[in-house]
Amino acid sequence: MSAGKSALLEYWRTTGIITDDKILKAFEKVPRENFIVQKYRFDAYLDEPLPIGFGQTISQPTTVAVMTSALEPKQSQKILEIGTGSGYQAAILSELIGIKGKVYTLERITELANFAKKNLKAYKNVSAMHADGTKGYAKAAPYDRIIVTAAASELPKQLFAQLKENAIMVIPIEDHLFKITKINGKPQMQDLGLFVFVPLVAGKL
């Protein structure tokens with residue numbers, strides 16, 4: 001394990017940002033450098049977002065860790081991810097849900113969807129698709145968890161409808177990150193604080 005990765009994991013442990021050993025082990029196992037364009041691989045374990053092309057970024061590691069922790073992924077769950085990017089978040093989730101679980105991840109930018117598919121080849125429980133994520137993926141709904149890696153202007157009703165009862169969605173809305181639990185068909189929202197994300201965009205593929 002690189003010194004940069006060790007330092008990052010230790011920072012999360014000592015500050016209490018991440019205390020779940022399973023999540024820490026997943027981050028230890030997944031090589032972030034494999035999900036970054038060649039130009040920035042040397043910076044893989046800096047705690048900051050990095051460009052992956054087409055106006056998109058791979059999120060800051062701590063942001064990915066906080067979102068993963070809030071999502072509370074468990075073995076054998078079915079998870080929908082909106083905004084595959086380079087595939088890093090999907091790979092982390094893949095490790096956490098195990099071979100009986102399934103991650104469906106949607107990316108609207110063709111080149112990034114292809115990049116992610118290549119990066120995720122070894123993760124057999126992940127299906128990466130080129131699709132408009134704002135519509136979700138009704139074919140495999142309902143989901144135990146939904147994670148959105150781009151900022152919406154409001155809670156997307158079409159995505160929320162694809163969430164199981166008592167299930168969790170983690171999503172940035174405007175400039176705040178929310179953990180949303182579906183209780184009696186209604187969203188129970190927990191504000192996790194200020195975060196910066198690229199906007200969630202619908203439209204032509």
# chains A, B, ... in the order shown; residues from 1 in each chain; ligands from 1
call {"tool": "select_by_dssp", "arguments": {"residues": "segment 13-112 of chain A", "states": "alpha helix (DSSP H)", "output": "JSON, numbers by chain"}}
result
{"A": [13, 14, 15, 21, 22, 23, 24, 25, 26, 27, 28, 29, 61, 62, 63, 64, 65, 66, 67, 68, 69, 70, 71, 88, 89, 90, 91, 92, 93, 94, 95, 96, 97, 110, 111, 112]}
call {"tool": "select_by_dssp", "arguments": {"residues": "segment 1-157 of chain A", "states": "strand (DSSP E or B)", "output": "PyMOL selection string"}}
result
chain A and resi 50-53+56-58+78-82+102-107+126-130+143-148+151-152
call {"tool": "write_last_selection", "arguments": {"atoms": "N, CA and C atoms", "output": "CSV table (one decimal), in the first residue's frame"}}
result
chain,number,residue,atom,x,y,z
A,50,LEU,N,-10.1,15.3,-8.8
A,50,LEU,CA,-9.2,15.3,-10.0
A,50,LEU,C,-10.0,15.3,-11.3
A,51,PRO,N,-9.5,16.0,-12.3
A,51,PRO,CA,-10.3,15.9,-13.6
A,51,PRO,C,-10.2,14.6,-14.2
A,52,ILE,N,-11.3,14.2,-14.8
A,52,ILE,CA,-11.3,12.9,-15.6
A,52,ILE,C,-11.8,13.2,-17.0
A,53,GLY,N,-11.9,14.5,-17.4
A,53,GLY,CA,-12.3,14.9,-18.7
A,53,GLY,C,-13.8,15.2,-18.8
A,56,GLN,N,-15.9,16.8,-16.0
A,56,GLN,CA,-16.2,16.0,-14.8
A,56,GLN,C,-15.0,15.7,-14.0
A,57,THR,N,-15.2,15.3,-12.7
A,57,THR,CA,-14.1,15.0,-11.8
A,57,THR,C,-14.4,13.6,-11.1
A,58,ILE,N,-13.3,13.0,-10.6
A,58,ILE,CA,-13.4,12.0,-9.7
A,58,ILE,C,-13.4,12.7,-8.3
A,78,LYS,N,-28.9,-4.5,-3.5
A,78,LYS,CA,-29.0,-4.0,-4.9
A,78,LYS,C,-28.9,-2.5,-4.8
A,79,ILE,N,-27.9,-1.9,-5.5
A,79,ILE,CA,-27.6,-0.5,-5.4
A,79,ILE,C,-27.6,0.2,-6.8
A,80,LEU,N,-28.2,1.3,-6.9
A,80,LEU,CA,-28.2,2.1,-8.1
A,80,LEU,C,-27.3,3.4,-7.9
A,81,GLU,N,-26.4,3.6,-8.8
A,81,GLU,CA,-25.5,4.8,-8.7
A,81,GLU,C,-25.8,5.6,-9.9
A,82,ILE,N,-26.0,6.9,-9.7
A,82,ILE,CA,-26.2,7.9,-10.8
A,82,ILE,C,-25.0,8.7,-10.9
A,102,LYS,N,-25.5,-6.4,-6.2
A,102,LYS,CA,-25.4,-5.9,-7.5
A,102,LYS,C,-25.4,-4.4,-7.5
A,103,VAL,N,-24.5,-3.8,-8.3
A,103,VAL,CA,-24.5,-2.3,-8.5
A,103,VAL,C,-24.8,-2.1,-9.9
A,104,TYR,N,-25.8,-1.2,-10.1
A,104,TYR,CA,-26.2,-0.7,-11.5
A,104,TYR,C,-25.7,0.8,-11.5
A,105,THR,N,-24.9,1.1,-12.4
A,105,THR,CA,-24.3,2.5,-12.4
A,105,THR,C,-24.5,3.1,-13.8
A,106,LEU,N,-25.0,4.3,-13.8
A,106,LEU,CA,-25.4,5.0,-15.0
A,106,LEU,C,-24.6,6.3,-15.3
A,107,GLU,N,-24.1,6.4,-16.5
A,107,GLU,CA,-23.3,7.6,-16.9
A,107,GLU,C,-23.8,8.1,-18.2
A,126,VAL,N,-21.0,-5.5,-11.0
A,126,VAL,CA,-21.3,-4.2,-11.4
A,126,VAL,C,-21.7,-4.1,-12.9
A,127,SER,N,-22.9,-3.5,-13.1
A,127,SER,CA,-23.3,-3.3,-14.5
A,127,SER,C,-23.2,-1.8,-14.8
A,128,ALA,N,-22.3,-1.4,-15.6
A,128,ALA,CA,-22.1,0.1,-16.0
A,128,ALA,C,-22.8,0.3,-17.3
A,129,MET,N,-23.6,1.3,-17.3
A,129,MET,CA,-24.4,1.6,-18.5
A,129,MET,C,-24.4,3.1,-19.0
A,130,HIS,N,-24.5,3.3,-20.3
A,130,HIS,CA,-24.6,4.6,-20.8
A,130,HIS,C,-26.1,5.0,-20.8
A,143,TYR,N,-34.7,-0.5,-5.4
A,143,TYR,CA,-33.3,-0.6,-4.9
A,143,TYR,C,-33.2,-0.5,-3.4
A,144,ASP,N,-32.2,-1.2,-2.8
A,144,ASP,CA,-31.9,-1.1,-1.4
A,144,ASP,C,-31.3,0.3,-1.1
A,145,ARG,N,-30.5,0.7,-2.0
A,145,ARG,CA,-29.7,2.0,-1.9
A,145,ARG,C,-29.6,2.7,-3.2
A,146,ILE,N,-29.7,4.0,-3.2
A,146,ILE,CA,-29.4,4.8,-4.4
A,146,ILE,C,-28.4,5.9,-4.0
A,147,ILE,N,-27.4,6.1,-4.8
A,147,ILE,CA,-26.4,7.1,-4.5
A,147,ILE,C,-26.2,8.0,-5.8
A,148,VAL,N,-26.3,9.3,-5.6
A,148,VAL,CA,-26.2,10.2,-6.7
A,148,VAL,C,-24.9,11.1,-6.5
A,151,ALA,N,-25.0,17.1,-8.3
A,151,ALA,CA,-25.9,17.9,-7.5
A,151,ALA,C,-27.3,18.1,-8.2
A,152,ALA,N,-28.4,17.7,-7.6
A,152,ALA,CA,-29.7,18.0,-8.1
A,152,ALA,C,-30.2,19.3,-7.5
call {"tool": "residues_around", "arguments": {"residues": "Ile183 of chain A", "least_positions_apart": "4", "cutoff": "10 Å", "atoms": "only C-alpha atoms", "output": "NGL selection string"}}
result
:A and (164-168 or 187-188)
call {"tool": "atom_distance", "arguments": {"atom1": "atom CA of Thr68 of chain A", "atom2": "atom CA of Thr110 of chain A"}}
result
25.1 Å
call {"tool": "residues_around", "arguments": {"residues": "Ile99 of chain A", "least_positions_apart": "4", "cutoff": "10 Å", "atoms": "only C-alpha atoms", "output": "list in words"}}
result
Gln75, Ser76, Gln77, Ser94, Glu95, Tyr123, Lys124, Asn125 and Val126 of chain A
call {"tool": "residues_around", "arguments": {"residues": "Ile36 of chain A", "least_positions_apart": "3", "cutoff": "10 Å", "atoms": "only C-alpha atoms", "output": "JSON, numbers by chain"}}
result
{"A": [31, 32, 33, 39, 40, 41, 42, 43, 44, 50, 51, 52, 53, 57, 58, 85, 86, 87, 88, 115, 119]}
call {"tool": "write_last_selection", "arguments": {"atoms": "N, CA and C atoms", "output": "PDB file, in the first residue's frame"}}
result
ATOM      1  N   PRO A  31      -7.763   0.258  -5.896  1.00  0.00           N
ATOM      2  CA  PRO A  31      -6.690   1.190  -6.290  1.00  0.00           C
ATOM      3  C   PRO A  31      -7.250   2.425  -7.007  1.00  0.00           C
ATOM      4  N   ARG A  32      -7.321   3.551  -6.316  1.00  0.00           N
ATOM      5  CA  ARG A  32      -7.884   4.774  -6.922  1.00  0.00           C
ATOM      6  C   ARG A  32      -7.110   5.182  -8.176  1.00  0.00           C
ATOM      7  N   GLU A  33      -5.805   4.883  -8.196  1.00  0.00           N
ATOM      8  CA  GLU A  33      -4.985   5.263  -9.349  1.00  0.00           C
ATOM      9  C   GLU A  33      -5.469   4.619 -10.650  1.00  0.00           C
ATOM     10  N   LYS A  39      -2.425  11.208 -16.642  1.00  0.00           N
ATOM     11  CA  LYS A  39      -1.781  12.485 -16.306  1.00  0.00           C
ATOM     12  C   LYS A  39      -1.786  12.776 -14.797  1.00  0.00           C
ATOM     13  N   TYR A  40      -2.816  12.294 -14.084  1.00  0.00           N
ATOM     14  CA  TYR A  40      -2.966  12.640 -12.667  1.00  0.00           C
ATOM     15  C   TYR A  40      -2.726  11.465 -11.715  1.00  0.00           C
ATOM     16  N   ARG A  41      -2.248  10.334 -12.230  1.00  0.00           N
ATOM     17  CA  ARG A  41      -2.127   9.147 -11.375  1.00  0.00           C
ATOM     18  C   ARG A  41      -1.169   9.353 -10.203  1.00  0.00           C
ATOM     19  N   PHE A  42      -0.205  10.216 -10.406  1.00  0.00           N
ATOM     20  CA  PHE A  42       0.749  10.502  -9.329  1.00  0.00           C
ATOM     21  C   PHE A  42       0.050  11.164  -8.137  1.00  0.00           C
ATOM     22  N   ASP A  43      -1.094  11.791  -8.405  1.00  0.00           N
ATOM     23  CA  ASP A  43      -1.829  12.530  -7.369  1.00  0.00           C
ATOM     24  C   ASP A  43      -3.010  11.734  -6.807  1.00  0.00           C
ATOM     25  N   ALA A  44      -3.039  10.434  -7.055  1.00  0.00           N
ATOM     26  CA  ALA A  44      -4.216   9.615  -6.732  1.00  0.00           C
ATOM     27  C   ALA A  44      -4.652   9.714  -5.277  1.00  0.00           C
ATOM     28  N   LEU A  50     -10.084  15.254  -8.833  1.00  0.00           N
ATOM     29  CA  LEU A  50      -9.170  15.325  -9.970  1.00  0.00           C
ATOM     30  C   LEU A  50      -9.972  15.260 -11.268  1.00  0.00           C
ATOM     31  N   PRO A  51      -9.529  15.968 -12.308  1.00  0.00           N
ATOM     32  CA  PRO A  51     -10.262  15.947 -13.591  1.00  0.00           C
ATOM     33  C   PRO A  51     -10.190  14.559 -14.245  1.00  0.00           C
ATOM     34  N   ILE A  52     -11.331  14.152 -14.817  1.00  0.00           N
ATOM     35  CA  ILE A  52     -11.342  12.900 -15.599  1.00  0.00           C
ATOM     36  C   ILE A  52     -11.818  13.182 -17.031  1.00  0.00           C
ATOM     37  N   GLY A  53     -11.883  14.467 -17.377  1.00  0.00           N
ATOM     38  CA  GLY A  53     -12.274  14.862 -18.731  1.00  0.00           C
ATOM     39  C   GLY A  53     -13.751  15.203 -18.831  1.00  0.00           C
ATOM     40  N   THR A  57     -15.200  15.293 -12.735  1.00  0.00           N
ATOM     41  CA  THR A  57     -14.100  14.967 -11.821  1.00  0.00           C
ATOM     42  C   THR A  57     -14.359  13.650 -11.117  1.00  0.00           C
ATOM     43  N   ILE A  58     -13.281  13.042 -10.647  1.00  0.00           N
ATOM     44  CA  ILE A  58     -13.396  11.972  -9.655  1.00  0.00           C
ATOM     45  C   ILE A  58     -13.386  12.690  -8.306  1.00  0.00           C
ATOM     46  N   GLY A  85     -18.993   8.342 -13.606  1.00  0.00           N
ATOM     47  CA  GLY A  85     -17.667   8.955 -13.708  1.00  0.00           C
ATOM     48  C   GLY A  85     -16.669   7.932 -14.211  1.00  0.00           C
ATOM     49  N   SER A  86     -15.585   7.771 -13.481  1.00  0.00           N
ATOM     50  CA  SER A  86     -14.547   6.805 -13.880  1.00  0.00           C
ATOM     51  C   SER A  86     -14.788   5.418 -13.291  1.00  0.00           C
ATOM     52  N   GLY A  87     -15.802   5.280 -12.421  1.00  0.00           N
ATOM     53  CA  GLY A  87     -16.145   3.967 -11.860  1.00  0.00           C
ATOM     54  C   GLY A  87     -15.646   3.710 -10.453  1.00  0.00           C
ATOM     55  N   TYR A  88     -14.950   4.675  -9.845  1.00  0.00           N
ATOM     56  CA  TYR A  88     -14.325   4.448  -8.531  1.00  0.00           C
ATOM     57  C   TYR A  88     -15.349   4.160  -7.437  1.00  0.00           C
ATOM     58  N   PHE A 115     -14.982   4.525 -20.501  1.00  0.00           N
ATOM     59  CA  PHE A 115     -13.817   4.526 -19.601  1.00  0.00           C
ATOM     60  C   PHE A 115     -14.130   3.731 -18.337  1.00  0.00           C
ATOM     61  N   ASN A 119     -12.570   0.243 -16.708  1.00  0.00           N
ATOM     62  CA  ASN A 119     -12.012   0.243 -15.346  1.00  0.00           C
ATOM     63  C   ASN A 119     -12.688  -0.780 -14.433  1.00  0.00           C
TER      64      ASN A 119
END
call {"tool": "residues_around", "arguments": {"residues": "Glu48 of chain A", "least_positions_apart": "4", "cutoff": "8 Å", "atoms": "only C-alpha atoms", "output": "PDB file with N, CA and C atoms, in the first residue's frame"}}
result
ATOM      1  N   SER A  59     -14.374  12.390  -7.475  1.00  0.00           N
ATOM      2  CA  SER A  59     -14.554  13.141  -6.236  1.00  0.00           C
ATOM      3  C   SER A  59     -13.372  12.983  -5.289  1.00  0.00           C
ATOM      4  N   GLN A  60     -13.226  13.974  -4.416  1.00  0.00           N
ATOM      5  CA  GLN A  60     -12.249  13.921  -3.327  1.00  0.00           C
ATOM      6  C   GLN A  60     -12.452  12.621  -2.542  1.00  0.00           C
ATOM      7  N   PRO A  61     -11.383  11.887  -2.200  1.00  0.00           N
ATOM      8  CA  PRO A  61     -11.537  10.624  -1.471  1.00  0.00           C
ATOM      9  C   PRO A  61     -12.393  10.734  -0.210  1.00  0.00           C
TER      10      PRO A  61
END
call {"tool": "closest_residue", "arguments": {"among": "A:Val201, A:Met67, A:Ala7, A:Leu112", "to": "Ile92 of chain A", "atoms": "only C-alpha atoms"}}
result
A:Met67
call {"tool": "closest_residue", "arguments": {"among": "A:Asp175, A:Gly185, A:Gly193, A:Ala138", "to": "Gln162 of chain A", "atoms": "only C-alpha atoms"}}
result
A:Ala138
call {"tool": "atom_distance", "arguments": {"atom1": "atom CA of Ser69 of chain A", "atom2": "atom CA of Tyr11 of chain A"}}
result
15.3 Å
call {"tool": "residues_around", "arguments": {"residues": "Ile180 of chain A", "least_positions_apart": "2", "cutoff": "8 Å", "atoms": "only C-alpha atoms", "output": "PyMOL selection string"}}
result
chain A and resi 168-171+178+182+187-190
call {"tool": "closest_residue", "arguments": {"among": "A:Phe27, A:Phe160, A:Trp12, A:Phe35", "to": "Lys186 of chain A", "atoms": "only C-alpha atoms"}}
result
A:Phe160
call {"tool": "closest_residue", "arguments": {"among": "A:Ala91, A:Leu96, A:Ala150, A:Ala26", "to": "Lys121 of chain A", "atoms": "only C-alpha atoms"}}
result
A:Ala91
call {"tool": "closest_residue", "arguments": {"among": "A:Pro142, A:Gly83, A:Gly136, A:Gly55", "to": "Ala116 of chain A", "atoms": "only C-alpha atoms"}}
result
A:Gly83
